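Peer 1: Just so it is clear, I am handing over query06.cif, which has mmCIF, C-alpha atoms.
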data_upload
#
loop_
_atom_site.label_atom_id
_atom_site.label_comp_id
_atom_site.auth_asym_id
_atom_site.auth_seq_id
_atom_site.Cartn_x
_atom_site.Cartn_y
_atom_site.Cartn_z
CA MET G 1472 47.01 -40.30 -45.50
CA LYS G 1473 45.22 -37.23 -46.56
CA LYS G 1474 44.58 -34.61 -43.92
CA THR G 1475 40.93 -33.80 -43.58
CA ARG G 1476 40.21 -30.13 -43.44
CA ARG G 1477 37.81 -28.96 -40.78
CA LYS G 1478 35.01 -27.05 -42.34
CA LYS G 1479 34.68 -23.48 -41.12
CA LYS G 1480 31.41 -22.85 -39.39
CA LYS G 1481 29.41 -20.23 -41.20
CA ILE G 1482 28.20 -17.34 -39.12
CA SER G 1483 24.49 -16.85 -39.65
CA TRP G 1484 22.78 -13.51 -40.07
CA VAL G 1485 20.93 -14.19 -36.83
CA GLU G 1486 24.24 -14.41 -34.93
CA ILE G 1487 25.52 -11.24 -36.58
CA ILE G 1488 22.35 -9.31 -35.63
CA GLU G 1489 22.46 -10.79 -32.11
CA THR G 1490 26.07 -9.69 -31.61
CA ALA G 1491 25.49 -6.22 -33.08
CA ALA G 1492 22.40 -5.66 -30.91
CA THR G 1493 24.23 -6.81 -27.77
CA VAL G 1494 27.21 -4.54 -28.40
CA PHE G 1495 24.92 -1.61 -29.23
CA VAL G 1496 22.85 -1.90 -26.04
CA ALA G 1497 26.04 -2.25 -23.98
CA VAL G 1498 27.71 0.79 -25.57
CA VAL G 1499 24.61 2.94 -25.07
CA LEU G 1500 24.56 2.01 -21.35
CA VAL G 1501 28.25 2.94 -21.07
CA LEU G 1502 27.44 6.35 -22.58
CA CYS G 1503 24.86 6.83 -19.79
CA VAL G 1504 27.78 7.36 -17.39
CA LEU G 1505 28.46 10.65 -19.16
CA THR G 1506 24.90 12.03 -19.00
CA LYS G 1507 25.41 13.79 -15.67
CA TYR G 1508 28.24 15.82 -17.17
CA MET G 1509 26.80 16.44 -20.65
CA ASP G 1510 24.91 19.71 -21.03
CA PRO G 1511 21.78 18.95 -23.14
CA ARG G 1512 22.27 22.32 -24.84
CA ASN G 1513 25.54 21.03 -26.32
CA SER G 1514 25.04 17.25 -26.44
CA PRO G 1515 21.29 16.64 -26.63
CA TYR G 1516 21.31 12.98 -27.58
CA ILE G 1517 23.80 11.74 -24.98
CA ALA G 1518 22.29 13.94 -22.28
CA LEU G 1519 18.84 12.45 -22.81
CA LEU G 1520 20.08 8.88 -22.39
CA GLY G 1521 19.79 9.34 -18.65
CA THR G 1522 16.00 9.24 -18.94
CA ILE G 1523 16.11 5.64 -20.21
CA SER G 1524 18.90 4.35 -17.95
CA PRO G 1525 16.57 1.99 -15.96
CA VAL G 1526 15.39 0.35 -19.19
CA LEU G 1527 18.97 -0.04 -20.47
CA VAL G 1528 20.12 -1.55 -17.18
CA LEU G 1529 17.28 -4.08 -17.30
CA LEU G 1530 18.02 -4.93 -20.95
CA ASN G 1531 21.69 -5.58 -20.19
CA LEU G 1532 20.81 -7.78 -17.21
CA LEU G 1533 18.44 -9.83 -19.36
CA LEU G 1534 21.05 -10.09 -22.12
CA ILE G 1535 23.63 -11.46 -19.68
CA ILE G 1536 21.21 -14.16 -18.47
CA PHE G 1537 20.15 -15.02 -22.03
CA LEU G 1538 23.72 -15.21 -23.40
CA VAL G 1539 25.13 -17.17 -20.45
CA ILE G 1540 22.37 -19.77 -20.85
CA ARG G 1541 23.28 -20.01 -24.54
CA ARG G 1542 27.01 -20.11 -23.67
CA LYS G 1543 27.78 -17.07 -25.80
CA LEU G 1544 31.01 -15.30 -24.91
CA ILE G 1545 29.61 -11.93 -25.96
CA PHE G 1546 27.86 -11.73 -22.57
CA ILE G 1547 31.08 -9.96 -21.54
CA PHE G 1548 29.91 -6.74 -23.27
CA PRO G 1549 26.75 -6.12 -21.19
CA LEU G 1550 28.67 -7.27 -18.10
CA ILE G 1551 31.34 -4.61 -18.67
CA ALA G 1552 28.61 -2.01 -19.28
CA LEU G 1553 27.00 -2.80 -15.91
CA ILE G 1554 30.37 -2.65 -14.12
CA VAL G 1555 31.10 0.75 -15.67
CA ASN G 1556 27.72 1.92 -14.33
CA ILE G 1557 28.46 0.89 -10.73
CA GLY G 1558 27.90 4.50 -9.66
CA TYR G 1559 24.34 4.27 -10.98
CA PHE G 1560 23.60 1.30 -8.71
CA LYS G 1561 25.04 3.18 -5.71
CA HIS G 1562 22.35 5.82 -6.25
CA VAL G 1563 19.54 3.36 -7.00
CA TRP G 1564 20.07 1.18 -3.93
CA ILE G 1565 21.54 2.14 -0.57
CA GLY G 1566 21.98 -0.99 1.52
CA ASP G 1567 23.25 -0.01 4.95
CA GLY G 1568 20.85 2.78 5.90
CA HIS G 1569 23.19 4.05 8.60
CA ASN G 1570 22.09 7.05 10.63
CA GLY G 1571 24.29 9.84 11.94
CA ASN G 1572 25.14 10.04 15.63
CA THR G 1573 23.46 12.50 17.97
CA GLU G 1574 24.31 13.66 21.46
CA ALA G 1575 22.48 15.54 24.17
CA GLY G 1576 22.41 19.24 23.33
CA ASP G 1577 22.65 18.77 19.55
CA ARG G 1578 20.65 21.32 17.54
CA LEU G 1579 18.31 19.28 15.35
CA VAL G 1580 15.71 20.06 12.70
CA LYS G 1581 13.33 17.70 10.91
CA VAL G 1582 12.01 18.51 7.42
CA MET G 1583 9.28 16.87 5.37
CA SER G 1584 9.08 17.36 1.59
CA CYS G 1585 6.15 16.23 -0.54
CA LYS G 1586 5.08 16.75 -4.13
CA ILE G 1587 1.32 16.28 -4.24
CA ILE G 1588 0.29 14.49 -7.44
CA LEU G 1589 -3.40 13.61 -7.14
CA ASP G 1590 -5.72 11.60 -9.30
CA GLU G 1591 -8.81 13.39 -10.57
CA GLY G 1592 -11.52 13.56 -7.93
CA ASP G 1593 -9.23 13.18 -4.89
CA ASN G 1594 -10.17 15.24 -1.85
CA GLY G 1595 -7.58 17.88 -0.96
CA ASN G 1596 -8.98 18.33 2.55
CA SER G 1597 -8.63 14.66 3.57
CA ILE G 1598 -5.10 14.69 2.16
CA SER G 1599 -4.19 17.72 4.25
CA GLN G 1600 -5.45 15.86 7.34
CA SER G 1601 -3.22 12.91 6.41
CA LEU G 1602 -0.22 15.23 5.99
CA LYS G 1603 -0.92 16.80 9.38
CA LEU G 1604 -1.02 13.38 11.10
CA ILE G 1605 2.24 12.32 9.45
CA ALA G 1606 3.94 15.60 10.44
CA ASP G 1607 2.72 15.31 14.04
CA HIS G 1608 3.66 11.63 14.34
CA ASN G 1609 7.20 12.26 13.04
CA ASP G 1610 7.67 15.50 15.02
CA VAL G 1611 8.36 17.48 11.82
CA ASP G 1612 9.55 21.11 12.16
CA VAL G 1613 9.27 22.26 8.53
CA ILE G 1614 7.08 21.14 5.62
CA CYS G 1615 7.98 21.90 1.99
CA LEU G 1616 5.08 21.29 -0.38
CA GLN G 1617 5.02 21.15 -4.15
CA GLY G 1618 2.15 20.47 -6.52
CA ASN G 1619 -1.64 20.77 -6.04
CA SER G 1620 -2.23 24.28 -4.64
CA GLU G 1621 -5.64 23.38 -3.19
CA ALA G 1622 -4.03 20.97 -0.75
CA HIS G 1623 -1.70 23.78 0.41
CA THR G 1624 -4.69 25.92 1.45
CA ASP G 1625 -6.37 22.98 3.19
CA LEU G 1626 -3.15 22.15 5.06
CA GLU G 1627 -2.80 25.76 6.20
CA ASP G 1628 -6.31 25.58 7.68
CA SER G 1629 -5.80 22.23 9.40
CA ILE G 1630 -2.19 22.20 10.63
CA ASN G 1631 -2.55 25.28 12.84
CA TRP G 1632 1.10 26.27 12.58
CA LYS G 1633 1.78 29.97 12.95
CA TYR G 1634 4.30 30.42 10.17
CA LYS G 1635 4.09 30.05 6.39
CA SER G 1636 6.21 31.37 3.53
CA GLN G 1637 5.06 34.30 1.43
CA ASP G 1638 1.71 33.71 -0.28
CA VAL G 1639 2.14 33.68 -4.05
CA PRO G 1640 -0.97 33.61 -6.30
CA LYS G 1641 -1.18 30.51 -8.53
CA SER G 1642 2.01 29.10 -6.99
CA SER G 1643 2.27 25.38 -6.19
CA LEU G 1644 5.04 25.91 -3.61
CA SER G 1645 4.66 26.53 0.13
CA ILE G 1646 6.83 26.28 3.25
CA PHE G 1647 5.18 25.71 6.65
CA SER G 1648 7.15 26.04 9.88
CA LYS G 1649 6.71 25.69 13.64
CA TYR G 1650 9.29 28.43 14.05
CA PRO G 1651 9.35 32.09 12.95
CA ILE G 1652 9.89 32.74 9.24
CA ILE G 1653 11.77 35.82 8.10
CA ASP G 1654 12.95 37.17 4.78
CA SER G 1655 10.67 35.22 2.41
CA LYS G 1656 11.67 35.18 -1.25
CA VAL G 1657 10.23 34.07 -4.56
CA TYR G 1658 12.43 32.77 -7.37
CA ASP G 1659 11.12 32.95 -10.91
CA LYS G 1660 12.33 32.80 -14.49
CA ASN G 1661 10.40 34.66 -17.17
CA GLY G 1662 7.43 34.92 -14.83
CA SER G 1663 7.32 31.20 -13.95
CA ILE G 1664 7.87 30.59 -10.23
CA TYR G 1665 10.19 27.63 -9.66
CA ALA G 1666 11.10 28.11 -5.96
CA VAL G 1667 10.18 29.88 -2.75
CA GLY G 1668 12.67 30.49 0.02
CA CYS G 1669 12.81 31.83 3.53
CA LYS G 1670 14.90 31.92 6.69
CA ILE G 1671 13.66 30.05 9.73
CA VAL G 1672 14.77 31.05 13.21
CA LYS G 1673 14.96 28.11 15.61
CA GLU G 1674 16.29 29.26 18.98
CA ASN G 1675 19.74 30.73 18.18
CA ASP G 1676 20.00 29.25 14.66
CA THR G 1677 18.93 30.76 11.34
CA ILE G 1678 18.35 28.22 8.58
CA CYS G 1679 17.81 29.01 4.89
CA ILE G 1680 15.06 26.81 3.44
CA VAL G 1681 14.32 26.58 -0.29
CA ASP G 1682 11.29 24.73 -1.66
CA TYR G 1683 11.75 24.13 -5.40
CA ASP G 1684 9.96 22.52 -8.32
CA LEU G 1685 11.77 22.65 -11.67
CA ASN G 1686 8.70 21.30 -13.47
CA VAL G 1687 7.24 24.76 -14.01
CA ASN G 1688 4.94 25.73 -16.87
CA ASN G 1689 7.77 26.50 -19.26
CA GLY G 1690 6.18 25.54 -22.56
CA ALA G 1691 8.54 22.60 -23.16
CA THR G 1692 6.85 20.08 -25.43
CA SER G 1693 9.53 17.36 -25.50
CA SER G 1694 11.95 15.51 -23.23
CA TYR G 1695 14.76 17.55 -24.76
CA GLY G 1696 12.95 20.85 -24.14
CA SER G 1697 12.18 19.84 -20.57
CA ALA G 1698 15.81 18.83 -19.90
CA VAL G 1699 17.15 22.11 -21.31
CA GLU G 1700 14.67 24.21 -19.34
CA SER G 1701 15.48 22.31 -16.14
CA VAL G 1702 19.16 23.16 -16.62
CA HIS G 1703 18.36 26.85 -17.17
CA ILE G 1704 16.29 26.94 -13.98
CA ALA G 1705 18.88 24.97 -11.96
CA GLU G 1706 21.60 27.42 -13.02
CA ASN G 1707 19.36 30.37 -12.17
CA LEU G 1708 18.57 28.96 -8.72
CA ARG G 1709 22.22 28.23 -7.89
CA LEU G 1710 23.16 31.74 -8.97
CA ASN G 1711 20.54 33.20 -6.61
CA LEU G 1712 21.80 31.06 -3.73
CA SER G 1713 25.53 31.54 -4.34
CA GLY G 1714 26.02 34.15 -1.60
CA ILE G 1715 24.44 32.16 1.24
CA THR G 1716 26.86 31.29 4.05
CA GLN G 1717 24.26 30.13 6.60
CA PRO G 1718 22.96 26.54 6.89
CA LEU G 1719 21.11 25.88 3.63
CA LEU G 1720 18.55 23.18 2.93
CA MET G 1721 16.81 22.65 -0.43
CA ALA G 1722 13.85 20.29 -0.73
CA GLY G 1723 11.68 19.68 -3.74
CA SER G 1724 11.21 18.18 -7.19
CA LEU G 1725 13.98 18.30 -9.78
CA ASN G 1726 11.86 16.86 -12.62
CA GLN G 1727 15.01 14.99 -13.71
CA ASN G 1728 16.79 11.88 -12.47
CA PHE G 1729 20.04 11.83 -10.48
CA ASN G 1730 22.08 11.09 -13.62
CA SER G 1731 20.94 14.29 -15.34
CA TYR G 1732 22.93 17.44 -15.93
CA ALA G 1733 20.34 19.46 -13.97
CA TYR G 1734 21.09 17.28 -10.92
CA HIS G 1735 24.82 17.90 -11.44
CA VAL G 1736 24.25 21.68 -11.56
CA LEU G 1737 21.98 21.77 -8.52
CA SER G 1738 24.02 19.39 -6.33
CA THR G 1739 27.47 20.90 -6.92
CA ASP G 1740 29.03 21.65 -3.50
CA LEU G 1741 25.88 20.30 -1.80
CA MET G 1742 25.08 16.94 -0.22
CA ASP G 1743 22.30 14.69 -1.50
CA VAL G 1744 20.78 13.58 1.81
CA PHE G 1745 19.49 10.25 0.47
CA TYR G 1746 22.88 9.35 -0.97
CA TYR G 1747 24.52 9.99 2.41
CA ARG G 1748 21.86 8.60 4.76
CA GLY G 1749 19.30 6.73 2.68
CA SER G 1750 18.25 3.10 2.74
CA GLY G 1751 16.70 0.83 0.12
CA LEU G 1752 15.40 1.92 -3.29
CA SER G 1753 15.83 5.57 -4.23
CA ALA G 1754 12.63 5.74 -6.33
CA THR G 1755 10.31 8.62 -5.39
CA LEU G 1756 7.59 8.11 -8.02
CA LYS G 1757 5.13 5.29 -8.64
CA PRO G 1758 5.52 2.68 -10.01
CA ARG G 1759 8.68 2.23 -7.94
CA TRP G 1760 10.16 -0.47 -10.20
CA LEU G 1761 10.80 2.21 -12.86
CA LEU G 1762 13.41 3.68 -10.44
CA ARG G 1763 12.43 7.30 -11.09
CA GLN G 1764 14.00 9.47 -8.43
CA GLU G 1765 13.04 13.07 -9.15
CA GLN G 1766 12.64 14.47 -5.61
CA PHE G 1767 15.71 15.40 -3.61
CA ILE G 1768 16.79 17.07 -0.40
CA PHE G 1769 20.15 18.85 -0.60
CA CYS G 1770 22.06 20.64 2.14
CA ASN G 1771 25.34 22.53 2.41
CA LYS G 1772 28.23 21.64 4.71
CA ARG G 1773 26.80 23.76 7.55
CA ILE G 1774 24.25 20.96 8.03
CA ILE G 1775 24.94 17.31 8.88
CA PRO G 1776 22.41 14.78 7.46
CA LEU G 1777 21.36 12.25 10.11
CA ALA G 1778 18.58 10.17 8.56
CA ILE G 1779 16.06 10.11 5.72
CA ILE G 1780 12.98 7.99 5.13
CA TYR G 1781 10.47 7.67 2.28
CA LYS G 1782 6.80 7.22 3.16
CA TRP G 1783 4.28 6.03 0.57
CA GLU G 1784 0.60 6.92 0.75
CA ASP G 1785 -2.20 5.49 -1.39
CA TRP G 1786 -3.49 8.97 -2.23
CA ASN G 1787 -0.23 10.27 -3.74
CA GLN G 1788 1.87 9.29 -6.75
CA SER G 1789 5.12 10.46 -5.13
CA ALA G 1790 6.84 9.68 -1.84
CA LEU G 1791 6.80 11.84 1.27
CA ILE G 1792 10.41 12.45 2.26
CA ILE G 1793 11.27 13.08 5.92
CA SER G 1794 14.82 14.00 6.87
CA SER G 1795 16.50 14.60 10.22
CA LEU G 1796 19.44 17.00 10.21
CA LYS G 1797 21.93 18.43 12.70
CA LEU G 1798 23.03 22.06 12.65
#
Represent the structure of the file as structure tokens.
Peer 2:
Amino acid sequence: MKKTRRKKKKISWVEIIETAATVFVAVVLVLCVLTKYMDPRNSPYIALLGTISPVLVLLNLLLIIFLVIRRKLIFIFPLIALIVNIGYFKHVWIGDGHNGNTEAGDRLVKVMSCKIILDEGDNGNSISQSLKLIADHNDVDVICLQGNSEAHTDLEDSINWKYKSQDVPKSSLSIFSKYPIIDSKVYDKNGSIYAVGCKIVKENDTICIVDYDLNVNNGATSSYGSAVESVHIAENLRLNLSGITQPLLMAGSLNQNFNSYAYHVLSTDLMDVFYYRGSGLSATLKPRWLLRQEQFIFCNKRIIPLAIIYKWEDWNQSALIISSLKL
């Protein structure tokens, strides 16, 4: 009897393209793990991958579903890519939402940070009234504002707190406090103000507060230019704060995601309060499904994060962040 030879199945061009596309998307997502440690000045293309991480994660999830349904073994590539990016998911979603413990006599401070991003025609005065109500309801001690300077003036008129950081013309940064403010400072690079700072005296404690916004008018016309400028400013800010030994709290807008090099520079030796005490999705900008987290509260080891919540208001494109901390 003659042995019949089994015909080899020809691989179609469609299968080749499908496999190549799957491997490519998976490899690019794996490279996203490196973005936090890749200086955009030296590795511009890899560093900028962090800006499209949410899209790549979604693509790999869809590829896994699609390939499993079609019983294609190559689903293993996007699966491995997602496993490698487990750290990304730990930042995107915090499930437990555990709060720190407090005892009678603990020295506590509550801070609210908000970047005001208004639609054209919104009323700054009504927004300041809303901010005041939220601050009063949550017993906030310090407010760090970024964005729309008109709302800062309206809030100053309506909140009736005695203390405010140094007035800076054309600045979109302000710190309001229930407690005395001393030693106000302004941080700028080439004339562009990116942060204001001060020391707040609450009873026997002196706390260094920095309100920052790395999205200054720096002339950057591309994502690459913006990423590079954010790194320059982050380095400049950390250099200015390097000698501080007192409790330090930084609240504001990074203008980059948590997997960016600017985040790595700014958060070195500091705690990201949401990562330690957050709950749910980490997104701070609308629409939330895009998972853009560009606002952060950091503190040094002289402060213990207790809790953090995000509040969403119809009149603002970004979240109001309220954090409780123990000195």
Peer 1: Between atom CA of Lys1581 of chain G and atom CA of Asn1726 of chain G, what distance in Å does the model show, to one decimal?
Peer 2: 23.6 Å
Peer 1: Please list as a ChimeraX atom specification every residue within 8 Å of segment 1534-1549 of chain G, counting only C-alpha atoms and excluding residues in the same chain fewer than 5 positions away.
Peer 2: /G:1490,1493-1494,1496-1497
Peer 1: Box in all listed atoms of segment 1755-1763 of chain G, axis-aligned, with 5 Å more on each side; write out centre and edge lengths in Å to one decimal as AutoDock Vina command-line options.
Peer 2:
--center_x 9.3 --center_y 4.1 --center_z -9.1 --size_x 18.3 --size_y 19.1 --size_z 17.5
Peer 1: Using all atoms listed in the file, determine which residues lie at most 12 Å from Leu1616 of chain G, disregarding the query and same-chain residues fewer than 2 positions distant; provide the list as a ChimeraX atom specification.
Peer 2: /G:1582-1588,1599,1602,1613-1614,1618-1624,1626-1627,1635-1636,1642-1648,1666-1668,1681-1684,1721-1724,1766,1789-1792
Peer 1: Just give me the residues with any atom within 8 Å of (8.1, 12.6, -13.1), file coordinates, counting only C-alpha atoms, written as a short mmCIF file (atom, residue, chain, number, x, y, z; two decimals) with C-alpha atoms, keeping the file's coordinate frame.
Peer 2:
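What follows is the written file selection-v7.cif:
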data_model
loop_
_atom_site.label_atom_id
_atom_site.label_comp_id
_atom_site.auth_asym_id
_atom_site.auth_seq_id
_atom_site.Cartn_x
_atom_site.Cartn_y
_atom_site.Cartn_z
CA ASN G 1726 11.86 16.86 -12.62
CA GLN G 1727 15.01 14.99 -13.71
CA LEU G 1756 7.59 8.11 -8.02
CA ARG G 1763 12.43 7.30 -11.09
CA GLU G 1765 13.04 13.07 -9.15
#
Peer 1: Leaving out segment 1503-1510 of chain G and any residue of its chain fewer than 2 positions from it, which residues lie within 9 Å of it when counting only C-alpha atoms, given as a PyMOL selection string?
Peer 2: chain G and resi 1498-1501+1512-1515+1517-1521+1523-1524+1555-1556+1558-1559+1699+1702+1729-1736
